[in-house]
Structures are given as C-alpha cells and as structure tokens.
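Engineer: One structure, pasted below without further comment.
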Amino acid sequence: MANDASSLATTEVTRAVAPPRSARWLAVPLLAALLGAPFYLDTYYLHAIIISMIFLLPAHGLNLIVGYTGMLSLAQGAFFGIGAYVSALMAVHFGTPFYVNFALAGAVTALIALPLGIPALRLRTYSFVMCTLGFVVIGEAVVKNWVSLTRGDMGVSGVPNPLLSFGGTGFSVTTITGYYYLYLVVALAMTGLFYALIASPAGRCMIAIRDNETLAESLGISTWSYKLLVFTISAAFAGFGGSLYAHYLTTVSPLTFQMYYSTTILIIVLGGGAGTIRGVVVGSVVFVAISEALRVAPESRMIIYGFVLLVLVFWQPKGLAPLFDRGLALLRMGRR
Amino acid sequence: MGELVIEQMVNGIIAGSVYALVAAGMTMIFGVLRAINFAHGEYYMLGTFSAWFVITRLDVPYIAAIALAIVITVAIAAVVGRLVMQRLVTAPFQSGVLATLGLSLILQNAIILSFGGTYKIFPGGWLEPVMFLDISLAEQRIVIVAATIVVFMALEFMVRRTRMGKAIRAVSQNTECCQVNGIDVERVVLGTFMLGTGLAALSGVLTGPINVTIYGGMGEAITLKTFAVIVMGGMGNVRGTLLAGWLLGIAESFVAGFIGLQYRDAVGFVILIAILMIRPTGFFSLKARF
C-alpha cells in the first residue's frame, strides 16, 4: 500500500532533495529575468505572473502532502479560502500591515487544520480524499452562513492594498509593479523555506514515510506525528497563498471555496511533478501563468486541465519535471 | 407540527430516491474498480441535458426523451469506459481519482461551452398535483419514488440471479481470481459502468421537471452527495444504497425545514466524515466487504 502511494512521486531521494546540477547554472539568469520583468513585460503579463505566484504557495503545501508523504488531499482549496478570509478581515477591520495579515493567515489556517488532521489522517486512500473534499464543502457552508463575520454570499470587498510599515513610516503597495516585487520576494522566500524544510532531517523522515511507511515506522520515525505536521504545514502554505490572493484581488467571497481552486492546485502539483520543487514552480508557470497570459476562457482551461489529468495518469505519471530536466540537459549539451 | 414532519419525510424520501439512483451506479463501479468515480454526477447532468436537448430542439415528447437521454448518456459512457475506465482495472487508487476528476472537468465544461453557462428551463414532465397522505405532490415526484423502487428490485434480482450480476459480485470480491477463472474483467467493468451511468441519466431525466432549471455545473453537487450515500450504505453494497439515500434525503429535508435551508448541502459531508471515523464499513454492512 505504501508503495503504490508513491507512484506519482519520484522515488529517488537525492533527486527529490537537491535539484539536478543542470538547473543551478540556470538560477542566476532566471533570477535576473524575474527581477527585470517589469522593465520589459506588459502589465497584463505581470498580472499573469502574479496570479501564478499566488497559486505557487498552496501548491508547495500540496506538494508536501502528495510528493513527500504520498497522500492525496483536496482540502487545499478550503485552507486557501480560510487564509484569504483571515487576511481580508484583518486588513478591513484593523488595518494591520501586510506582513501581520500574511503571518496570521498562515497561523490561523494551521490552527484550524491541526484538529481536522487528527481524525482525517486515520483514513487512507480514497476515504482520505473524500474526507478532505468534505472539508471544502463544510468550509464553504460555514463561510456562507457565518454572516456576522464573513458577510455571507456578499463576501468581503474593499480589502486595502498591502500596507508595509516599519516603525513610524509606512507605505501601501498600489502599482502592479509594486505587487509584482512584493509577491516575488514572498514567493522566493517561501520557496526557500520549503527547500530548507525538505532538506532538513524532518524532510528526510517525510520522504522515508512516502517511500515505505512501515519501514519508516520500524526505524523509529513517528509516522503519525510527521503526517500531522505535514498536513498542518501544508495548510499554513495554503493560508499564506490565500493572504496574497485577498490582497491582490481585494475581494473575498465563498466562491473561493469552489472546486476550481482545489483542482488548479492539484494540476499544478501533479502536472509539474509531485515531489520536486522545480516541478511545482514549472507547473504554476505552465498551468496558471501561461493560460492566464493567453487569456484562455475558464471553460476551455478546465477542459485542457481535464485532458492534462488523463495524460498524466496514463502516460506521464511524473508530470513535466522529467521533460523539463531533459530539456535542460539538451540545452547544456548545446552550450558546450 | 405533525403534518410538517410528514411533509419533510415525504420530501426527504423523494430527494433521497434521486440520490439512491445515482449512488447505485457509483457503488457498483466502486465494487468492480475500487475507484471512486468523481465524474458520476456528470452523467446525471448529461442525462438531463440530453433530455432537454431532444425536447426543445427535436420536439420529442417527454416519455420518449427519457429513453433517448439514457441511450445518449450510455453511448457517451461506452466511449469513456472503453478509453478510460477499463484502463483503471490495474491502476493504483490515485489514478482513479485523478482520471475521473479529469473526466468530470471535460464533460462539465464541454457542455457549458456548447450550450452556454446560463440556466435553462427544463420543459415537460408530469406536474399535475395529486394528494398523498394529505400532502399535495406533483405526479412526477411519485414517479421518481416508484421508478427507484422498481430499479432497485431489478438490480437486486440482477446482482443475485443473473450471470452478469454474479460476474459483478465476483469481480468485486477478487479481481485476480476472476482473471484466472476466465471472467473477462474488462468487459464486466465496462458493463457495470454503462449500467451505472444509465441509472444516473435516468435519475437526471426524472428530476429535470422538478428542478426546473438546469445548468452545466449541476452534476458536481450530486457527485458530492453521492459520496455520502455510498459511504453510508457501505461501499459496493447495492441494497444499503437505497436506505442510505433515503436517510440522507430525510436528514437533509429535516435540516432544511427546521434549522435552515442554507445548511442542507453540508449535512451529507458531516454524515460522511462521521461515518468514515466511526463505522467505515457503512450502516448496512454486517462486516467489512473490502
């Protein structure tokens, strides 16, 4: 059982921890290209990249569950929504600075996820999938009906622009370029944090659980606490993403709990390649930024996502990551 | 008060019959494939849309539309079954979740793209009121309950007595053994899938006149409720599904009537999670079948 759970993730531990060497020389020009983007890209394309950075955070979270512990969760959409509401309500009612909202969004979401994870993680395979789907439906019902807090179906609108204040001075991010740099910093920092987590001893324990849960348990790894930790951390990542979402779109409504969000996050992780960081980054660029930039209608995008899922299941179970690596290897050979 | 209770019970049984019809197919498909069909509600939607299409565009009477809707849906399901479902026989559980999730996205959005995302009015049906237990009900509602009981009796007979039914039960118990014994597992899977989607389509056409408005995304809500029903009934247990469907319908109807309509759609998932925690084999199975 433990082995089939890993069929969608890479099994080689070393590859999962460190990106292949071919990716490293690419990092510098890529970073330069990202930093310079506002100077040569149209605002619409900046918008597309911002949206993909928003989705990158919950995708990192799901990647931790799917790629590093081998469980399949659909609850990311719910935690994303909760994070968005926490951030929006804080900003609207208390006018707190962005980093406070951002941190609280993650913390509150993690606090909600922890007690939910305790019963849910006793379940396996499809029971766990259905249970996590249940969290999304129940989350939507709560948000719709707790009108005194969330304003129900009307949602919370007029979320202020992200306020950055240090000591006495403060300024709001209002331009799209400002948003781009703020979110780029956040996305890079969170990706770095994720990398640190995976490379840590705890990360190795998670990989051990994915590859063989029984063996991991017999080696003295407390699999149950690690799974709960993974579930909670992944929810916090989704909450962080929700915070970015609330501040960028400036409105939050129960629509955030639609299946659309959970599905998009799932596609990014599985389509990019579960169990790899670069896979998720590539996935968010390909499935969100490019489709946003090409202005694909939502319905057509969903149909494409559907076919992508079928292709992934039957022909390319490791997602785009192996193709990406092969492309890089070819590039490197061409350079020599 | 008493009258209100009876009214909620009757409404619950009607709604529950719809769930049970859809869930019967899902639970049988789970039995033979060990896969949760996330796209099952889409066949309910396809059934309703096919009927709507033949009634409004081709001017077919409602009774013929019922048959046509089932034929159209099962034809689509045959293609899907051949290309996707049969491949899932040997696949791990995630493949089933992801492939059917993909199918659900494709079917739902293809319908929205071809017919537009707006709500449509479903014409036809038998809406004359009749009195039943001092409650005035549209004939259509009685037809739904009657059809459900007939379908479940037929299913019970098929599963127990016919060759196809025995093959379905055998595959549900042990796929490898069936392959060794010369049962064509892929054919059984395809047959079960077509039967299950046909039932979902029947449920869709029969509820069309009651729901009145139809739209491309309507299948998703039904899929979600069906999960609760199949878990309550015990996954793979056809008889338990009918009781579970009615139970969910009644529970929803009481919550809607006495607590608040807006909480209705969460009832199923609260029950689902509770059962997964406390009694994962369902209410109506004596022992775990899987």
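The way I read the labels, and the way they are meant: chains A, B, ... in the order of the structure tokens, residue 1 as the first residue of every chain, and ligand 1 as the first ligand shown, with later ones counted on from there.
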From the DSSP assignment of the backbone, select every residue of segment 65-176 of chain B that is strand (DSSP E), and format the answer as a PyMOL selection string.

Structural biologist: chain B and resi 120-121+129-132+135-138

Engineer: Could you list, with a cut-off of 10 Å and counting only C-alpha atoms, the residues of chain A near chain B, each shown with its nearest atom pair and the distance in Å rounded to one decimal, rows sorted by chain and ascending number, as JSON lines?

Structural biologist:
```
{"residue": "A:Met1", "atom": "CA", "partner": "B:Pro92", "partner_atom": "CA", "distance": 9.2}
{"residue": "A:Asn3", "atom": "CA", "partner": "B:Pro92", "partner_atom": "CA", "distance": 9.9}
{"residue": "A:Asp4", "atom": "CA", "partner": "B:Pro92", "partner_atom": "CA", "distance": 6.2}
{"residue": "A:Ala5", "atom": "CA", "partner": "B:Gln94", "partner_atom": "CA", "distance": 7.7}
{"residue": "A:Ser6", "atom": "CA", "partner": "B:Gln94", "partner_atom": "CA", "distance": 9.8}
{"residue": "A:Ser7", "atom": "CA", "partner": "B:Pro92", "partner_atom": "CA", "distance": 8.0}
{"residue": "A:Leu8", "atom": "CA", "partner": "B:Gln94", "partner_atom": "CA", "distance": 8.2}
{"residue": "A:Gly70", "atom": "CA", "partner": "B:Gln94", "partner_atom": "CA", "distance": 9.9}
{"residue": "A:Met71", "atom": "CA", "partner": "B:Gln94", "partner_atom": "CA", "distance": 9.0}
{"residue": "A:Leu72", "atom": "CA", "partner": "B:Gln94", "partner_atom": "CA", "distance": 7.4}
{"residue": "A:Pro119", "atom": "CA", "partner": "B:Met277", "partner_atom": "CA", "distance": 6.9}
{"residue": "A:Ala120", "atom": "CA", "partner": "B:Met277", "partner_atom": "CA", "distance": 8.0}
{"residue": "A:Arg122", "atom": "CA", "partner": "B:Met277", "partner_atom": "CA", "distance": 8.0}
{"residue": "A:Leu123", "atom": "CA", "partner": "B:Leu276", "partner_atom": "CA", "distance": 7.6}
{"residue": "A:Thr125", "atom": "CA", "partner": "B:Phe93", "partner_atom": "CA", "distance": 6.8}
{"residue": "A:Tyr126", "atom": "CA", "partner": "B:Phe93", "partner_atom": "CA", "distance": 7.0}
{"residue": "A:Ser127", "atom": "CA", "partner": "B:Leu276", "partner_atom": "CA", "distance": 7.1}
{"residue": "A:Phe128", "atom": "CA", "partner": "B:Leu276", "partner_atom": "CA", "distance": 8.9}
{"residue": "A:Val129", "atom": "CA", "partner": "B:Val97", "partner_atom": "CA", "distance": 8.4}
{"residue": "A:Met130", "atom": "CA", "partner": "B:Phe227", "partner_atom": "CA", "distance": 7.4}
{"residue": "A:Cys131", "atom": "CA", "partner": "B:Ile273", "partner_atom": "CA", "distance": 5.9}
{"residue": "A:Thr132", "atom": "CA", "partner": "B:Ile273", "partner_atom": "CA", "distance": 9.1}
{"residue": "A:Leu133", "atom": "CA", "partner": "B:Leu224", "partner_atom": "CA", "distance": 8.4}
{"residue": "A:Gly134", "atom": "CA", "partner": "B:Phe269", "partner_atom": "CA", "distance": 5.2}
{"residue": "A:Phe135", "atom": "CA", "partner": "B:Phe269", "partner_atom": "CA", "distance": 8.1}
{"residue": "A:Val136", "atom": "CA", "partner": "B:Phe269", "partner_atom": "CA", "distance": 9.6}
{"residue": "A:Val137", "atom": "CA", "partner": "B:Ala266", "partner_atom": "CA", "distance": 6.3}
{"residue": "A:Ile138", "atom": "CA", "partner": "B:Ala266", "partner_atom": "CA", "distance": 5.5}
{"residue": "A:Gly139", "atom": "CA", "partner": "B:Ala266", "partner_atom": "CA", "distance": 8.9}
{"residue": "A:Glu140", "atom": "CA", "partner": "B:Ala266", "partner_atom": "CA", "distance": 8.6}
{"residue": "A:Ala141", "atom": "CA", "partner": "B:Ala266", "partner_atom": "CA", "distance": 6.2}
{"residue": "A:Val142", "atom": "CA", "partner": "B:Tyr263", "partner_atom": "CA", "distance": 8.5}
{"residue": "A:Lys144", "atom": "CA", "partner": "B:Gln262", "partner_atom": "CA", "distance": 8.1}
{"residue": "A:Asn145", "atom": "CA", "partner": "B:Gln262", "partner_atom": "CA", "distance": 7.1}
{"residue": "A:Met259", "atom": "CA", "partner": "B:Glu220", "partner_atom": "CA", "distance": 9.0}
{"residue": "A:Tyr260", "atom": "CA", "partner": "B:Leu105", "partner_atom": "CA", "distance": 9.5}
{"residue": "A:Thr263", "atom": "CA", "partner": "B:Leu101", "partner_atom": "CA", "distance": 8.5}
{"residue": "A:Leu266", "atom": "CA", "partner": "B:Leu98", "partner_atom": "CA", "distance": 9.2}
{"residue": "A:Ile267", "atom": "CA", "partner": "B:Leu98", "partner_atom": "CA", "distance": 9.5}
{"residue": "A:Leu270", "atom": "CA", "partner": "B:Leu98", "partner_atom": "CA", "distance": 9.4}
{"residue": "A:Ala297", "atom": "CA", "partner": "B:Leu113", "partner_atom": "CA", "distance": 9.7}
{"residue": "A:Pro298", "atom": "CA", "partner": "B:Asn109", "partner_atom": "CA", "distance": 8.8}
{"residue": "A:Glu299", "atom": "CA", "partner": "B:Asn109", "partner_atom": "CA", "distance": 5.2}
{"residue": "A:Ser300", "atom": "CA", "partner": "B:Asn109", "partner_atom": "CA", "distance": 7.1}
{"residue": "A:Arg301", "atom": "CA", "partner": "B:Asn109", "partner_atom": "CA", "distance": 8.9}
{"residue": "A:Met302", "atom": "CA", "partner": "B:Leu105", "partner_atom": "CA", "distance": 5.8}
{"residue": "A:Ile303", "atom": "CA", "partner": "B:Ile106", "partner_atom": "CA", "distance": 4.5}
{"residue": "A:Ile304", "atom": "CA", "partner": "B:Ile106", "partner_atom": "CA", "distance": 7.7}
{"residue": "A:Tyr305", "atom": "CA", "partner": "B:Gly102", "partner_atom": "CA", "distance": 6.9}
{"residue": "A:Gly306", "atom": "CA", "partner": "B:Gly102", "partner_atom": "CA", "distance": 3.7}
{"residue": "A:Phe307", "atom": "CA", "partner": "B:Gly102", "partner_atom": "CA", "distance": 6.3}
{"residue": "A:Val308", "atom": "CA", "partner": "B:Gly102", "partner_atom": "CA", "distance": 7.6}
{"residue": "A:Leu309", "atom": "CA", "partner": "B:Gly102", "partner_atom": "CA", "distance": 5.3}
{"residue": "A:Leu310", "atom": "CA", "partner": "B:Ala99", "partner_atom": "CA", "distance": 5.2}
{"residue": "A:Val311", "atom": "CA", "partner": "B:Ala99", "partner_atom": "CA", "distance": 8.7}
{"residue": "A:Leu312", "atom": "CA", "partner": "B:Ala99", "partner_atom": "CA", "distance": 8.6}
{"residue": "A:Val313", "atom": "CA", "partner": "B:Ser95", "partner_atom": "CA", "distance": 5.5}
{"residue": "A:Phe314", "atom": "CA", "partner": "B:Ser95", "partner_atom": "CA", "distance": 8.0}
{"residue": "A:Pro317", "atom": "CA", "partner": "B:Ser95", "partner_atom": "CA", "distance": 9.1}
```

Engineer: Any idea what's packed within 8 Å of Pro58 of chain A, counting only C-alpha atoms, ignoring anything in its chain fewer than 6 positions away? Could you give it as a PDB file with N, CA and C atoms, in the first residue's frame?

Structural biologist:
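This is the output file out.pdb:
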```pdb
ATOM      1  N   GLN A  76      -6.792  21.677   0.057  1.00  0.00           N
ATOM      2  CA  GLN A  76      -6.017  22.902  -0.099  1.00  0.00           C
ATOM      3  C   GLN A  76      -6.890  24.104  -0.435  1.00  0.00           C
ATOM      4  N   PHE A  80      -6.862  27.583   1.544  1.00  0.00           N
ATOM      5  CA  PHE A  80      -6.595  28.780   0.753  1.00  0.00           C
ATOM      6  C   PHE A  80      -7.679  29.825   1.043  1.00  0.00           C
ATOM      7  N   SER A 234       1.239  22.158   5.402  1.00  0.00           N
ATOM      8  CA  SER A 234       0.711  22.366   4.053  1.00  0.00           C
ATOM      9  C   SER A 234      -0.488  23.308   4.105  1.00  0.00           C
ATOM     10  N   ALA A 235      -1.283  23.204   5.170  1.00  0.00           N
ATOM     11  CA  ALA A 235      -2.411  24.126   5.319  1.00  0.00           C
ATOM     12  C   ALA A 235      -1.899  25.549   5.514  1.00  0.00           C
ATOM     13  N   PHE A 237       0.811  26.838   4.317  1.00  0.00           N
ATOM     14  CA  PHE A 237       1.217  27.334   2.998  1.00  0.00           C
ATOM     15  C   PHE A 237       0.000  27.795   2.196  1.00  0.00           C
ATOM     16  N   ALA A 238      -1.074  26.997   2.259  1.00  0.00           N
ATOM     17  CA  ALA A 238      -2.295  27.386   1.551  1.00  0.00           C
ATOM     18  C   ALA A 238      -2.832  28.691   2.122  1.00  0.00           C
ATOM     19  N   GLY A 239      -2.769  28.845   3.452  1.00  0.00           N
ATOM     20  CA  GLY A 239      -3.225  30.081   4.085  1.00  0.00           C
ATOM     21  C   GLY A 239      -2.413  31.280   3.628  1.00  0.00           C
ATOM     22  N   PHE A 240      -1.097  31.107   3.523  1.00  0.00           N
ATOM     23  CA  PHE A 240      -0.236  32.188   3.015  1.00  0.00           C
ATOM     24  C   PHE A 240      -0.673  32.591   1.608  1.00  0.00           C
ATOM     25  N   GLY A 241      -0.915  31.587   0.768  1.00  0.00           N
ATOM     26  CA  GLY A 241      -1.366  31.872  -0.602  1.00  0.00           C
ATOM     27  C   GLY A 241      -2.673  32.637  -0.594  1.00  0.00           C
ATOM     28  N   ILE A 265      -4.832  23.793  -8.028  1.00  0.00           N
ATOM     29  CA  ILE A 265      -3.664  23.482  -7.190  1.00  0.00           C
ATOM     30  C   ILE A 265      -3.189  22.051  -7.459  1.00  0.00           C
TER      31      ILE A 265
END
```

Engineer: With DSSP run on the backbone, what are the helix (DSSP H, G or I) residues within segment 26-136 of chain B? I'd like them as number ranges by chain.

Structural biologist: B: 26-33, 40-58, 62-83, 85-90, 93-115

Engineer: Restricting the calculation to only C-alpha atoms, which member of A:Ser253, A:Ser73, A:Ser52, A:Thr223 is positioned closest to Thr150 of chain A?

Structural biologist: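 Among the listed residues, the smallest separation from Thr150 of chain A belongs to A:Ser253.
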
Engineer: I want to know what sits within 10 Å of Ile277 of chain A, based on only C-alpha atoms, with residues of the same chain fewer than 4 positions away left out; could you give that as a short mmCIF file (atom, residue, chain, number, x, y, z; two decimals) with C-alpha atoms, in the first residue's frame?

Structural biologist:
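What ended up in selection.cif:
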```
data_model
loop_
_atom_site.label_atom_id
_atom_site.label_comp_id
_atom_site.auth_asym_id
_atom_site.auth_seq_id
_atom_site.Cartn_x
_atom_site.Cartn_y
_atom_site.Cartn_z
CA ALA A 16 13.87 14.95 -4.57
CA VAL A 17 16.09 16.89 -2.21
CA ALA A 18 18.50 18.68 -4.48
CA PRO A 19 17.74 19.97 -7.95
CA ALA A 59 0.86 24.22 -4.48
CA HIS A 60 4.01 23.96 -2.35
CA ASN A 63 3.36 19.07 -2.89
CA LEU A 64 4.41 18.43 0.69
CA GLY A 67 5.00 14.43 -3.13
CA THR A 191 10.18 28.53 -1.85
CA GLY A 192 13.45 28.87 0.07
CA PHE A 194 10.13 24.92 1.60
CA TYR A 195 13.54 23.86 0.32
CA ILE A 198 12.70 19.31 2.69
CA VAL A 269 1.48 19.85 -8.41
CA GLY A 272 4.51 19.88 -12.76
CA GLY A 273 5.76 16.79 -10.97
CA VAL A 281 7.38 26.05 -9.98
CA VAL A 282 7.27 24.94 -13.63
CA GLY A 283 3.70 23.71 -13.08
CA ALA A 321 9.60 17.62 -14.30
#
```

Engineer: So how many Å separate atom CA of His47 of chain A and atom CA of Val173 of chain A, to one decimal?

Structural biologist: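 These two atoms are separated by 14.5 Å.
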
Engineer: Interatomic distance between atom CA of Trp52 of chain B and atom CA of Ile144 of chain B?

Structural biologist: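 That distance, rounded to one decimal, is 17.6 Å.
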
Engineer: How many Å lie between atom CA of Ser284 of chain A and atom CA of Phe55 of chain A, rounded to one decimal?

Structural biologist: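 Distance reported for this atom pair: 6.8 Å.
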
Engineer: Between A:Ile51, A:Leu244, A:Leu149, A:Met190, which residue has the minimum interatomic distance to Gly81 of chain A, considering only C-alpha atoms?

Structural biologist: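 Result for the nearest residue to Gly81 of chain A: A:Leu244.
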
Engineer: With distances taken over only C-alpha atoms, which of B:Gly25, B:Gly257, B:Gly2, B:Gly198 is nearest to Ala78 of chain B?

Structural biologist: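 When distances to Ala78 of chain B are compared using only C-alpha atoms, the smallest one comes from B:Gly198.
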